[in-house]
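entry.tsv follows; it contains TSV, C-alpha atoms.
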chain	number	residue	atom	x	y	z
X	22	ASN	CA	89.98	226.49	96.06
X	23	ALA	CA	90.13	225.62	92.39
X	24	SER	CA	92.96	227.11	90.37
X	25	PRO	CA	92.30	229.90	87.84
X	26	ILE	CA	93.14	227.46	85.03
X	27	CYS	CA	90.53	225.01	86.25
X	28	MET	CA	87.97	227.77	86.62
X	29	THR	CA	88.64	228.98	83.10
X	30	ARG	CA	88.33	225.51	81.65
X	31	ASP	CA	85.17	224.76	83.61
X	32	PHE	CA	83.67	228.13	82.73
X	33	ARG	CA	84.13	227.40	79.03
X	34	LEU	CA	82.84	223.86	79.34
X	35	PHE	CA	79.85	224.42	81.61
X	36	ILE	CA	78.82	228.01	80.84
X	37	LEU	CA	80.06	229.25	77.47
X	38	LEU	CA	79.53	226.11	75.38
X	39	PRO	CA	75.98	225.44	76.64
X	40	THR	CA	75.12	229.12	76.16
X	41	ALA	CA	76.42	229.06	72.58
X	42	ALA	CA	74.37	225.92	71.86
X	43	PHE	CA	71.32	227.52	73.47
X	44	LEU	CA	71.63	230.67	71.36
X	45	LEU	CA	72.13	228.66	68.19
X	46	GLY	CA	69.07	226.58	69.02
X	47	ASN	CA	67.00	229.72	69.41
X	48	VAL	CA	68.20	231.04	66.08
X	49	VAL	CA	67.10	227.82	64.38
X	50	LEU	CA	63.88	227.11	66.28
X	51	ILE	CA	62.49	230.59	66.90
X	52	GLY	CA	64.27	232.81	64.41
X	53	GLY	CA	64.35	230.25	61.62
X	54	GLY	CA	60.87	228.81	62.18
X	55	GLY	CA	62.03	225.38	63.28
X	56	ASP	CA	59.34	225.26	65.97
X	57	LEU	CA	56.56	225.59	63.43
X	58	LEU	CA	58.16	223.17	60.97
X	59	LEU	CA	58.44	220.46	63.62
X	60	GLY	CA	55.02	221.31	65.04
X	61	ASP	CA	53.46	221.06	61.60
X	62	LEU	CA	55.12	217.68	61.04
X	63	VAL	CA	53.94	216.23	64.36
X	64	PHE	CA	50.43	217.57	63.81
X	65	ARG	CA	50.26	216.22	60.25
X	66	LEU	CA	51.52	212.78	61.28
X	67	GLN	CA	48.63	212.55	63.73
X	68	GLY	CA	46.07	213.18	61.00
X	69	SER	CA	45.94	216.96	61.54
X	70	GLU	CA	44.68	216.58	65.10
X	71	TRP	CA	46.32	216.02	68.46
X	72	GLN	CA	45.47	212.34	68.75
X	73	MET	CA	48.13	211.88	71.44
X	74	ARG	CA	46.73	214.64	73.66
X	75	ASP	CA	44.70	212.24	75.79
X	76	ALA	CA	46.46	208.98	74.89
X	77	TRP	CA	47.30	206.72	77.82
X	78	ILE	CA	51.05	206.66	77.21
X	79	THR	CA	51.51	210.42	76.83
X	80	ASN	CA	48.86	211.68	79.23
X	81	GLN	CA	48.25	209.16	81.99
X	82	LEU	CA	51.64	207.44	82.00
X	83	ILE	CA	54.27	210.06	81.10
X	84	HIS	CA	52.43	213.20	82.20
X	85	ASP	CA	50.46	212.14	85.27
X	86	GLN	CA	52.68	209.33	86.53
X	87	GLY	CA	55.71	211.40	85.60
X	88	ARG	CA	54.60	213.93	88.20
X	89	ASN	CA	54.39	211.14	90.76
X	90	LEU	CA	57.92	210.06	89.83
X	91	VAL	CA	59.24	213.58	90.37
X	92	ALA	CA	57.47	213.72	93.73
X	93	ALA	CA	59.09	210.40	94.67
X	94	LEU	CA	62.52	211.74	93.71
X	95	LEU	CA	61.96	214.79	95.88
X	96	LEU	CA	60.87	212.61	98.79
X	97	ALA	CA	63.97	210.43	98.36
X	98	LEU	CA	66.20	213.52	98.38
X	99	LEU	CA	64.56	214.93	101.50
X	100	SER	CA	64.89	211.54	103.18
X	101	ALA	CA	68.60	211.43	102.32
X	102	ILE	CA	69.07	214.90	103.78
X	103	ALA	CA	67.28	213.85	106.96
X	104	LEU	CA	69.42	210.71	107.24
X	105	SER	CA	72.57	212.80	106.97
X	106	TYR	CA	71.79	214.17	110.44
X	107	PHE	CA	71.58	210.70	111.96
X	108	LYS	CA	73.90	208.48	109.91
X	109	GLN	CA	77.59	209.27	110.12
X	110	PRO	CA	78.42	207.89	106.61
X	111	MET	CA	75.87	210.30	105.10
X	112	ARG	CA	77.21	213.48	106.71
X	113	PRO	CA	79.95	214.24	104.15
X	114	TYR	CA	77.24	214.34	101.45
X	115	ARG	CA	74.88	216.70	103.29
X	116	LYS	CA	76.07	219.88	101.60
X	117	GLY	CA	75.85	218.21	98.20
X	118	LEU	CA	72.33	216.97	98.87
X	119	TYR	CA	71.23	220.44	99.93
X	120	TYR	CA	72.84	221.77	96.76
X	121	VAL	CA	70.75	219.43	94.57
X	122	LEU	CA	67.60	220.51	96.41
X	123	VAL	CA	68.33	224.22	96.11
X	124	ALA	CA	69.28	223.98	92.43
X	125	ALA	CA	66.10	222.02	91.67
X	126	LEU	CA	63.86	224.48	93.51
X	127	ILE	CA	65.46	227.49	91.81
X	128	SER	CA	65.06	225.84	88.40
X	129	VAL	CA	61.37	225.09	88.88
X	130	ALA	CA	60.72	228.53	90.37
X	131	ILE	CA	62.30	230.30	87.38
X	132	VAL	CA	60.39	228.17	84.88
X	133	ASN	CA	57.07	228.78	86.66
X	134	LEU	CA	57.76	232.50	86.91
X	135	MET	CA	58.50	232.69	83.19
X	136	LYS	CA	55.35	230.72	82.40
X	137	GLU	CA	53.39	233.32	84.34
X	138	TYR	CA	54.81	236.31	82.47
X	139	SER	CA	55.80	235.06	79.01
X	140	ALA	CA	52.14	234.56	77.99
X	141	LEU	CA	52.91	232.24	75.04
X	142	ASP	CA	50.30	229.73	73.92
X	143	CYS	CA	50.41	225.96	73.60
X	144	PRO	CA	50.32	224.61	70.04
X	145	TRP	CA	46.91	223.05	70.66
X	146	ASP	CA	45.49	226.56	71.33
X	147	LEU	CA	46.62	227.94	67.97
X	148	ALA	CA	44.39	228.34	64.92
X	149	ARG	CA	47.21	226.77	62.91
X	150	TYR	CA	46.50	223.51	64.75
X	151	GLY	CA	42.76	223.66	65.16
X	152	GLY	CA	42.57	226.12	68.05
X	153	GLU	CA	41.45	229.73	68.10
X	154	LYS	CA	44.53	231.85	68.81
X	155	THR	CA	46.97	233.50	66.44
X	156	PHE	CA	50.57	232.36	66.73
X	157	ILE	CA	53.01	234.86	68.18
X	158	SER	CA	56.71	234.25	68.69
X	159	LEU	CA	58.62	234.75	71.90
X	160	PHE	CA	59.75	238.26	70.99
X	161	ASP	CA	56.51	239.40	69.36
X	162	PRO	CA	54.11	241.74	71.20
X	163	ARG	CA	50.90	240.21	72.55
X	164	LEU	CA	48.00	240.71	70.15
X	165	GLU	CA	45.32	243.06	71.41
X	166	GLY	CA	42.27	241.16	72.63
X	167	GLN	CA	44.05	237.80	72.73
X	168	SER	CA	44.23	236.32	76.21
X	169	PRO	CA	47.72	235.31	77.38
X	170	GLY	CA	48.73	231.68	77.48
X	171	ALA	CA	50.97	230.01	80.04
X	172	CYS	CA	52.91	227.45	78.00
X	173	PHE	CA	56.46	228.77	77.94
X	174	PRO	CA	58.89	227.39	79.03
X	175	ALA	CA	58.04	223.69	79.39
X	176	GLY	CA	56.86	223.02	82.92
X	177	HIS	CA	56.60	219.24	82.80
X	178	ALA	CA	60.12	218.85	81.43
X	179	SER	CA	61.42	220.99	84.30
X	180	GLY	CA	60.39	218.17	86.63
X	181	ALA	CA	63.16	216.12	85.03
X	182	TYR	CA	65.77	218.70	84.08
X	183	CYS	CA	65.70	220.30	87.53
X	184	TRP	CA	67.70	217.25	88.71
X	185	LEU	CA	70.72	218.17	86.60
X	186	GLY	CA	72.41	218.99	89.87
X	187	LEU	CA	72.87	215.23	90.24
X	188	PHE	CA	75.55	215.44	87.54
X	189	PHE	CA	77.55	217.95	89.56
X	190	LEU	CA	76.90	216.05	92.78
X	191	ALA	CA	78.35	212.92	91.18
X	192	ARG	CA	81.18	214.93	89.65
X	193	HIS	CA	82.14	216.17	93.09
X	194	PHE	CA	81.82	212.95	95.13
X	195	LYS	CA	81.74	210.03	92.65
X	196	PRO	CA	83.16	211.19	89.30
X	197	GLN	CA	82.72	207.75	87.74
X	198	TRP	CA	78.94	208.16	88.10
X	199	ARG	CA	78.66	211.65	86.62
X	200	PHE	CA	77.75	210.67	83.06
X	201	LYS	CA	75.27	208.06	84.25
X	202	ALA	CA	73.57	210.75	86.32
X	203	LEU	CA	73.61	213.18	83.40
X	204	GLY	CA	72.32	210.56	80.98
X	205	GLY	CA	69.49	209.53	83.29
X	206	VAL	CA	68.29	213.08	83.86
X	207	VAL	CA	68.51	214.08	80.19
X	208	THR	CA	66.77	210.88	79.08
X	209	LEU	CA	63.88	211.53	81.47
X	210	GLY	CA	63.70	215.15	80.31
X	211	VAL	CA	63.59	214.13	76.65
X	212	ILE	CA	60.83	211.60	77.37
X	213	PHE	CA	58.79	214.22	79.22
X	214	GLY	CA	59.42	216.80	76.51
X	215	VAL	CA	58.64	214.60	73.51
X	216	ALA	CA	55.43	213.38	75.14
X	217	GLN	CA	54.26	216.95	75.63
X	218	GLN	CA	55.16	217.88	72.06
X	219	LEU	CA	53.18	214.90	70.79
X	220	ARG	CA	50.22	216.08	72.89
X	221	GLY	CA	50.44	219.57	71.39
X	222	ALA	CA	51.37	221.15	74.73
X	223	HIS	CA	54.74	222.60	73.71
X	224	PHE	CA	57.08	223.51	70.88
X	225	ILE	CA	60.60	222.14	71.07
X	226	SER	CA	62.05	225.57	71.92
X	227	HIS	CA	60.00	225.51	75.12
X	228	ASP	CA	62.02	222.48	76.20
X	229	LEU	CA	65.28	224.04	75.07
X	230	TRP	CA	64.67	227.01	77.36
X	231	THR	CA	63.75	224.75	80.26
X	232	LEU	CA	66.87	222.66	79.76
X	233	TYR	CA	69.06	225.76	79.67
X	234	ILE	CA	67.44	227.30	82.75
X	235	CYS	CA	67.87	224.09	84.73
X	236	TRP	CA	71.44	223.58	83.54
X	237	MET	CA	72.48	227.11	84.41
X	238	SER	CA	70.79	226.92	87.80
X	239	ALA	CA	72.60	223.69	88.61
X	240	CYS	CA	75.91	224.96	87.27
X	241	LEU	CA	75.89	228.39	88.90
X	242	CYS	CA	74.77	226.99	92.24
X	243	TYR	CA	77.64	224.52	92.03
X	244	PHE	CA	80.12	227.26	91.17
X	245	PHE	CA	78.89	229.26	94.16
X	246	LEU	CA	78.81	226.43	96.71
X	247	PHE	CA	81.79	224.35	95.66
X	248	ARG	CA	83.91	226.76	93.60
X	249	MET	CA	83.95	224.09	90.87
X	250	LYS	CA	86.69	222.05	92.51
X	251	PRO	CA	88.47	219.69	90.11
X	252	MET	CA	87.47	216.04	90.08
X	253	ARG	CA	89.52	213.77	92.27

Spit out the file's structure as structure tokens when you get a sec.
Amino acid sequence: NASPICMTRDFRLFILLPTAAFLLGNVVLIGGGGDLLLGDLVFRLQGSEWQMRDAWITNQLIHDQGRNLVAALLLALLSAIALSYFKQPMRPYRKGLYYVLVAALISVAIVNLMKEYSALDCPWDLARYGGEKTFISLFDPRLEGQSPGACFPAGHASGAYCWLGLFFLARHFKPQWRFKALGGVVTLGVIFGVAQQLRGAHFISHDLWTLYICWMSACLCYFFLFRMKPMR
């Protein structure tokens, strides 16, 4: 088991610091109106319409084909788990592969559950951006007579960020790969998130919440399954 010193250090690094950054981001984006400022800028740069909503690069390539990429990653993971039962060299990694799968499924489940109950609207639905609905913030009550949306947190970005468990998998088995794994997942998440913001599907805080949910799911599952053992 990891020593108390290691646990304390890892708790600060992987739990407290990300949580502090998450809270600060919410203060700026939701409390300070950063969401609307950035949304206004993106909308204005597109000629006060969501020109990128149905563009090939944001819709067909990043959104639609992005889903296919996530499905391919899931298939590759399931195949690796299956191989671990037949290939001796794969067996030491079986627990880690299951960990990545469980962390990813928990992340996506939480995001989808929050989308169901948060009832926030997409920017393209708001009167501010040519839609019909009045903007309400995350902590505002739903306006009477206004149907609930289902745009918070960011669902498409969760298809990328749910793989943050790959960072901890690499940290545990191949520490020299951990930052490559982290960089790849975050880069894909940013691409998915920016594309959706350009389409008018999300505010940036929607992606911040998704990133935090996926990070905490990956981190807490790793704490539980591996007791955050120090890198070799």

List the spatial neighbours of range 232-241 of chain X as a PDB file with C-alpha atoms, in the coordinates of the input - criterion: any atom at most 9 Å away, all atoms listed in the file, same-chain residues fewer than 3 positions off excluded.
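After the write, out33.pdb holds the following:
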ATOM      1  CA  PHE X  35      79.850 224.420  81.610  1.00  0.00           C
ATOM      2  CA  ILE X  36      78.820 228.010  80.840  1.00  0.00           C
ATOM      3  CA  PRO X  39      75.980 225.440  76.640  1.00  0.00           C
ATOM      4  CA  THR X  40      75.120 229.120  76.160  1.00  0.00           C
ATOM      5  CA  PHE X  43      71.320 227.520  73.470  1.00  0.00           C
ATOM      6  CA  TYR X 120      72.840 221.770  96.760  1.00  0.00           C
ATOM      7  CA  VAL X 121      70.750 219.430  94.570  1.00  0.00           C
ATOM      8  CA  VAL X 123      68.330 224.220  96.110  1.00  0.00           C
ATOM      9  CA  ALA X 124      69.280 223.980  92.430  1.00  0.00           C
ATOM     10  CA  ALA X 125      66.100 222.020  91.670  1.00  0.00           C
ATOM     11  CA  ILE X 127      65.460 227.490  91.810  1.00  0.00           C
ATOM     12  CA  SER X 128      65.060 225.840  88.400  1.00  0.00           C
ATOM     13  CA  VAL X 129      61.370 225.090  88.880  1.00  0.00           C
ATOM     14  CA  ILE X 131      62.300 230.300  87.380  1.00  0.00           C
ATOM     15  CA  VAL X 132      60.390 228.170  84.880  1.00  0.00           C
ATOM     16  CA  ALA X 175      58.040 223.690  79.390  1.00  0.00           C
ATOM     17  CA  ALA X 178      60.120 218.850  81.430  1.00  0.00           C
ATOM     18  CA  SER X 179      61.420 220.990  84.300  1.00  0.00           C
ATOM     19  CA  TYR X 182      65.770 218.700  84.080  1.00  0.00           C
ATOM     20  CA  CYS X 183      65.700 220.300  87.530  1.00  0.00           C
ATOM     21  CA  TRP X 184      67.700 217.250  88.710  1.00  0.00           C
ATOM     22  CA  LEU X 185      70.720 218.170  86.600  1.00  0.00           C
ATOM     23  CA  GLY X 186      72.410 218.990  89.870  1.00  0.00           C
ATOM     24  CA  LEU X 187      72.870 215.230  90.240  1.00  0.00           C
ATOM     25  CA  PHE X 188      75.550 215.440  87.540  1.00  0.00           C
ATOM     26  CA  PHE X 189      77.550 217.950  89.560  1.00  0.00           C
ATOM     27  CA  VAL X 207      68.510 214.080  80.190  1.00  0.00           C
ATOM     28  CA  GLY X 210      63.700 215.150  80.310  1.00  0.00           C
ATOM     29  CA  HIS X 227      60.000 225.510  75.120  1.00  0.00           C
ATOM     30  CA  ASP X 228      62.020 222.480  76.200  1.00  0.00           C
ATOM     31  CA  LEU X 229      65.280 224.040  75.070  1.00  0.00           C
ATOM     32  CA  PHE X 244      80.120 227.260  91.170  1.00  0.00           C
ATOM     33  CA  PHE X 245      78.890 229.260  94.160  1.00  0.00           C
ATOM     34  CA  LEU X 246      78.810 226.430  96.710  1.00  0.00           C
ATOM     35  CA  MET X 249      83.950 224.090  90.870  1.00  0.00           C
TER      36      MET X 249
END

Can you list every residue of range 148-212 of chain X that has an atom at most 12 Å from range 81-88 of chain X, with its nearest atom pair and the distance in Å to one decimal, using all atoms listed in the file, ordered by chain then number, as CSV?
residue,atom,partner,partner_atom,distance
X:Gly176,CA,X:Arg88,CA,10.8
X:His177,CA,X:His84,CA,7.4
X:Ala178,CA,X:His84,CA,9.6
X:Ser179,CA,X:Arg88,CA,10.6
X:Gly180,CA,X:Arg88,CA,7.3
X:Ala181,CA,X:Gly87,CA,8.8
X:Leu209,CA,X:Gly87,CA,9.2
X:Gly210,CA,X:Gly87,CA,10.3
X:Val211,CA,X:Ile83,CA,11.1
X:Ile212,CA,X:Ile83,CA,7.7

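In terms of minimum interatomic distance to Arg74 in chain X, X:Pro144 ranks closest within X:Pro162, X:Pro144, X:Pro113, X:Gly204, counting only C-alpha atoms.
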
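CA of Asn80 in chain X is positioned 20.5 Å from CA of Ser226 in chain X.
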
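For the atom pair formed by CA of Gln72 in chain X and CA of Gly170 in chain X, the distance is 21.5 Å, given to one decimal.
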
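Interatomic distance, CA of Leu118 in chain X to CA of Arg199 in chain X: 14.8 Å.
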
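Comparing X:Leu45, X:Leu141, X:Cys172, X:Leu219 by their smallest distance to Ser158 in chain X, the closest is X:Leu141 (using only C-alpha atoms).
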
Adding 8 Å on each side of the box along x, y and z that holds all listed atoms of range 171-187 of chain X, could you give its centre and edge lengths in Å to one decimal, as JSON?
{"center_x": 61.9, "center_y": 222.6, "center_z": 84.1, "size_x": 37.9, "size_y": 30.8, "size_z": 28.3}

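Nearest to Arg65 in chain X of all the residues X:His223, X:Ile157, X:Gly205, X:Tyr150 is X:Tyr150, based on all atoms listed in the file.
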
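Candidate residues X:His193, X:Lys108, X:Lys201, X:Arg248 were compared for distance to Phe32 in chain X, and the nearest is X:Arg248, using all atoms listed in the file.
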
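If only C-alpha atoms are the atoms counted, then among X:Gly68, X:Gly117, X:Asn89, X:Arg33 the closest residue to Arg192 in chain X is X:Gly117.
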
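Distances to Ile102 in chain X were evaluated for X:Val48, X:Leu90, X:Leu122, X:Ala130 using only C-alpha atoms, and the minimum falls at X:Leu122.
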